[in-house]
Amino acid sequence: MTWSELYLGPGTWILAVLAGGIVGMDAVSWPQVMVSRPLVSATIGGALLGNPAAGMLTGALLEVLTLRHPPFGAAKYPDTGPAGLVAGASYAAAGGHAAGALLTAVAIGWGLGWVGAVTVQVRRRVNERIMSPAGELAADPALLEHRHRLAIWMDGLRGAVLVAAFLVPCVLTVTLAAGSPPSDLARYAIASLVLGLALSAGAAARSAAFGVRGWPLILAGAGVGVLLILGGLA
Amino acid sequence: MRPLRSDHLAAWSRTFAIQGSWNYSTLVGTGIAYAMLPLLRRIQAGDPVRLKESVARSMQPFNGHPYLCAMAVAALGRLEQEETDPQTIEKFRSALRGPLGTVGDRAVWGQWRPISALIGILAFSLGVGPMWCVAIFLVLYNSGHVAVRAWGYLKGWQAGLAVGGLLKRAWIERWAMRLWPFNIVLTGLVAVLLANMVVTQSDVPLSRSVLLVMGAICSLVAFRLPRKGGRAGAVLLALAPLLWLAGGLAG
């Protein structure tokens with residue numbers, strides 16, 4: 001992949017920003033159909049840059065890495081919609097085959113998810129102001145509806161701004177990483193991602209388990225995976 | 001006045017936006033009021049003072065799983081229609097908050113969403129096209145999502161004050177208890193398949209058996225110590241591209 005081969009025109013950028021608005025809004029505000037999950041948003045990002053499979057690989061890794069962060073009430077958790085979209089688009093833009101680019105895209109997606117988490121907290125505080133004073137809103141239900149919808153639009157705007165701000169820098173960074181050839185440290189880099197994935201999977205499994213007695217099941221799942229690989233099915 | 005079917009449909013469809021104005025003061029309270037408005041306008045038609053009082057009650061702080069809040073919207077609407085006294089409504093709201101959050105979080109965020117996503121990733125690992133995998137995830141997940149919202153709303157309206165008892169023996173709770181072993185097996189399976197995809201794609205010489213054993217140990221440690229394990233996973237994730245780039249620069 002060379003710089004001249006990279007194509008991220010204004011049309012693609014605008015589509016990505018619009019998609020960022022939708023996936024940013026989906027996670028909490030409306031309609032919560034989970035297009036904000038990295039599995040979906042990264043695939044959309046990849047598709048916009050012409051390589052949905054590259055986007056999905058990035059998204060699948062981010063999905064497992066973020067499984068242990070359920071969106072409980074006021075908790076702080078990675079905002080995976082815009083982050084996944086940017087990560088998936090970045091890896092797709094970088095060709096979708098260089099390992100260095102994949103590692104960078106996933107790390108960027110993770111980091112950007114936490115940047116998004118901070119913006120979600122700011123949004124919650126802004127909503128506090130939008131939805132007050134309570135007496136005024138109760139007296140005028142149409143105003144309550146208007147303010148509620150405004151808050152939803154602002155969440156969409158938040159997602160769009162995140163993508164608008166980070167898409168080009170992230171695409172450039174991941175494309176740069178794609179040009180970095182494997183070295184002696186490459187095996188440690190890949191092992192680092194794989195072990196990070198294993199740790200995240202273990203933590204996610206625990207959050208799903210009702211107690212600690214489920215640990216053999218994760219090994220059973222891994223065993224099935226090994227059999228599928230040895231059988232040539234995966 | 002009794003709400004019409006169109007009012008119920010409008011209120012139910014508004015529950016999809018129930019967290020739109022989530023904030024630290026009222027949590028999902030203003031969203032509850034927003035969703036209840038089609039019902040309240042019909043119930044309190046022609047009486048703006050009572051409408052204002054009903055809206056003010058509905059805006060009080062509330063929390064719960066967003067999908068199961070449909071149950072609260074319908075049940076509270078029913079109480080407003082039956083002209084239940086405000087103190088009882090307030091007590092009912094307080095009593096409903098805990099169960100709605102716990103049951104929904106355990107079943108939807110804890111089980112259904114990860115299982116749907118893992119099935120989508122599993123399909124991708126087995127060679128299904130990415131767009132099909134996205135469709136599998138979205139259709140599977142949202143079939144459960146919409147069913148929970150519809151069931152919650154319907155039962156909320158039918159049961160009114162008795163909805164709390166209904167939640168204790170709800171199918172959704174039983175499902176969560178049955179699904180978790182499947183969730184954990186899928187997590188292990190998908191982690192191995194994804195790791196294999198990364199190693200294969202990287203074209204870097206690695207001992208897969210050593211990596212598998214180390215990965216298994218790591219996942220068991222993280223299962224035992226999820227907080228520390230998750231943090232260590234994030235550190236390794238950040239370290240991976242740095243190692244790659246450092247090697248490239250040194251070379």
# chains A, B, ... in the order shown; residues from 1 in each chain; ligands from 1

call {"tool": "select_by_dssp", "arguments": {"residues": "segment 20-213 of chain A", "states": "helix (DSSP H, G or I)", "output": "NGL selection string"}}
result
:A and (20-26 or 38-48 or 52-66 or 80-93 or 99-130 or 134-139 or 141-178 or 186-208 or 212-213)

call {"tool": "interface_residues", "arguments": {"of": "chain A", "to": "chain B", "cutoff": "6 Å", "atoms": "only C-alpha atoms", "output": "MDAnalysis selection string"}}
result
chainID A and resid 29:31 40 53 70 99 103:104 107 124 127:128 138:139 148 151:152 180:181 183 185:186 189 192:196 198:200 202:203 205:206 208:209 217:218 221:222 225 234

call {"tool": "write_last_selection", "arguments": {"atoms": "N, CA and C atoms", "output": "short mmCIF file (atom, residue, chain, number, x, y, z; two decimals), in the first residue's frame"}}
result
data_model
loop_
_atom_site.label_atom_id
_atom_site.label_comp_id
_atom_site.auth_asym_id
_atom_site.auth_seq_id
_atom_site.Cartn_x
_atom_site.Cartn_y
_atom_site.Cartn_z
N SER A 29 -28.77 6.62 23.03
CA SER A 29 -29.93 7.50 22.83
C SER A 29 -31.06 6.89 22.02
N TRP A 30 -30.76 6.43 20.85
CA TRP A 30 -31.80 5.91 19.96
C TRP A 30 -31.14 5.20 18.79
N PRO A 31 -31.59 4.07 18.32
CA PRO A 31 -32.65 3.20 18.83
C PRO A 31 -32.11 1.97 19.57
N VAL A 40 -20.26 -4.24 14.10
CA VAL A 40 -21.04 -3.61 13.02
C VAL A 40 -20.36 -2.33 12.54
N ALA A 53 -14.39 -6.92 4.96
CA ALA A 53 -13.79 -8.03 5.73
C ALA A 53 -12.69 -7.51 6.65
N PRO A 70 -20.03 -3.86 30.02
CA PRO A 70 -21.44 -3.64 29.69
C PRO A 70 -21.87 -2.22 30.06
N ALA A 99 -0.07 -6.94 9.17
CA ALA A 99 -0.29 -7.20 10.60
C ALA A 99 -0.03 -5.96 11.45
N LEU A 103 -2.67 -4.37 14.20
CA LEU A 103 -2.37 -4.12 15.62
C LEU A 103 -2.61 -2.65 15.96
N THR A 104 -2.18 -1.78 15.05
CA THR A 104 -2.34 -0.33 15.29
C THR A 104 -3.81 0.06 15.27
N ALA A 107 -5.55 -1.06 18.47
CA ALA A 107 -5.15 -0.22 19.61
C ALA A 107 -5.79 1.16 19.51
N ARG A 124 -23.81 13.63 29.30
CA ARG A 124 -24.74 13.42 30.41
C ARG A 124 -24.90 14.70 31.24
N ASN A 127 -26.93 17.18 29.21
CA ASN A 127 -28.35 16.79 29.27
C ASN A 127 -29.01 17.29 30.55
N GLU A 128 -28.23 17.31 31.62
CA GLU A 128 -28.74 17.81 32.90
C GLU A 128 -29.25 19.24 32.74
N ALA A 138 -42.45 20.29 32.83
CA ALA A 138 -43.71 19.62 33.18
C ALA A 138 -44.91 20.46 32.75
N ALA A 139 -44.74 21.78 32.80
CA ALA A 139 -45.85 22.67 32.43
C ALA A 139 -46.07 22.70 30.93
N HIS A 148 -35.90 16.71 24.71
CA HIS A 148 -35.48 15.31 24.68
C HIS A 148 -34.91 14.97 23.29
N ALA A 151 -31.53 16.49 22.76
CA ALA A 151 -30.47 15.72 23.42
C ALA A 151 -30.05 14.54 22.55
N ILE A 152 -31.01 13.92 21.89
CA ILE A 152 -30.69 12.78 21.01
C ILE A 152 -29.85 13.25 19.81
N SER A 180 5.43 -0.54 7.77
CA SER A 180 6.53 -0.99 8.63
C SER A 180 6.66 -2.52 8.52
N PRO A 181 7.79 -3.01 8.01
CA PRO A 181 7.92 -4.46 7.76
C PRO A 181 8.08 -5.25 9.07
N SER A 183 9.73 -7.42 11.91
CA SER A 183 11.12 -7.44 12.38
C SER A 183 11.26 -8.58 13.39
N LEU A 185 11.02 -8.28 16.44
CA LEU A 185 10.04 -8.07 17.51
C LEU A 185 8.61 -8.40 17.07
N ALA A 186 8.42 -8.70 15.79
CA ALA A 186 7.06 -8.90 15.25
C ALA A 186 6.33 -10.02 15.98
N ALA A 189 5.02 -8.85 19.16
CA ALA A 189 3.88 -7.94 18.96
C ALA A 189 2.61 -8.75 18.73
N SER A 192 1.60 -10.47 21.86
CA SER A 192 1.03 -9.50 22.80
C SER A 192 -0.46 -9.29 22.53
N LEU A 193 -0.82 -9.16 21.26
CA LEU A 193 -2.25 -8.99 20.92
C LEU A 193 -3.04 -10.25 21.28
N VAL A 194 -2.47 -11.41 20.94
CA VAL A 194 -3.19 -12.66 21.19
C VAL A 194 -3.40 -12.88 22.69
N LEU A 195 -2.38 -12.61 23.47
CA LEU A 195 -2.52 -12.80 24.92
C LEU A 195 -3.45 -11.74 25.53
N GLY A 196 -3.40 -10.55 24.97
CA GLY A 196 -4.34 -9.51 25.40
C GLY A 196 -5.78 -9.93 25.11
N ALA A 198 -6.78 -13.06 24.90
CA ALA A 198 -7.10 -14.16 25.84
C ALA A 198 -7.48 -13.62 27.21
N LEU A 199 -6.74 -12.61 27.67
CA LEU A 199 -7.05 -12.01 28.98
C LEU A 199 -8.43 -11.35 28.95
N SER A 200 -8.71 -10.63 27.86
CA SER A 200 -10.01 -9.96 27.75
C SER A 200 -11.14 -10.98 27.68
N GLY A 202 -11.13 -14.00 28.96
CA GLY A 202 -11.29 -14.58 30.30
C GLY A 202 -12.09 -13.65 31.21
N ALA A 203 -11.76 -12.35 31.16
CA ALA A 203 -12.47 -11.38 31.99
C ALA A 203 -13.93 -11.26 31.57
N ALA A 205 -15.72 -13.58 30.08
CA ALA A 205 -16.42 -14.81 30.44
C ALA A 205 -16.82 -14.77 31.91
N ARG A 206 -15.95 -14.22 32.74
CA ARG A 206 -16.27 -14.14 34.17
C ARG A 206 -17.47 -13.22 34.41
N ALA A 208 -19.90 -12.82 32.52
CA ALA A 208 -21.12 -13.50 32.07
C ALA A 208 -21.49 -14.65 33.00
N ALA A 209 -20.48 -15.16 33.74
CA ALA A 209 -20.72 -16.36 34.55
C ALA A 209 -21.42 -16.02 35.86
N LEU A 217 -15.61 -24.23 31.21
CA LEU A 217 -16.34 -24.01 29.95
C LEU A 217 -15.54 -23.19 28.95
N ILE A 218 -14.74 -22.26 29.45
CA ILE A 218 -13.94 -21.44 28.53
C ILE A 218 -12.88 -22.32 27.85
N GLY A 221 -14.66 -24.38 25.22
CA GLY A 221 -14.85 -23.58 24.01
C GLY A 221 -13.58 -23.49 23.20
N ALA A 222 -12.47 -23.24 23.89
CA ALA A 222 -11.17 -23.15 23.22
C ALA A 222 -10.84 -24.48 22.54
N GLY A 225 -12.62 -24.79 19.40
CA GLY A 225 -11.95 -23.93 18.42
C GLY A 225 -10.75 -24.61 17.81
N ALA A 234 -12.00 -23.71 10.04
CA ALA A 234 -11.86 -22.27 10.36
C ALA A 234 -10.43 -21.82 10.05
#

call {"tool": "atom_distance", "arguments": {"atom1": "atom CA of Gln87 of chain B", "atom2": "atom CA of Arg129 of chain A"}}
result
27.6 Å

call {"tool": "atom_distance", "arguments": {"atom1": "atom CA of Gln158 of chain B", "atom2": "atom CA of Leu4 of chain B"}}
result
14.5 Å

call {"tool": "residues_around", "arguments": {"residues": "Leu166 of chain B", "least_positions_apart": "2", "cutoff": "12 Å", "atoms": "only C-alpha atoms", "output": "MDAnalysis selection string"}}
result
chainID B and resid 71 75 96 99:100 103 151:152 155:156 158:164 168:173

call {"tool": "atom_distance", "arguments": {"atom1": "atom CA of Ala93 of chain A", "atom2": "atom CA of Val17 of chain A"}}
result
15.6 Å

call {"tool": "residues_around", "arguments": {"residues": "segment 111-117 of chain A", "least_positions_apart": "6", "cutoff": "12 Å", "atoms": "only C-alpha atoms", "output": "ChimeraX atom specification"}}
result
/A:20,23-25,27-28,36-38,62-63,65-66,69,71,74-87,104-105,123-124,155,158-163,165-167,169-170 /B:234-235,237-238
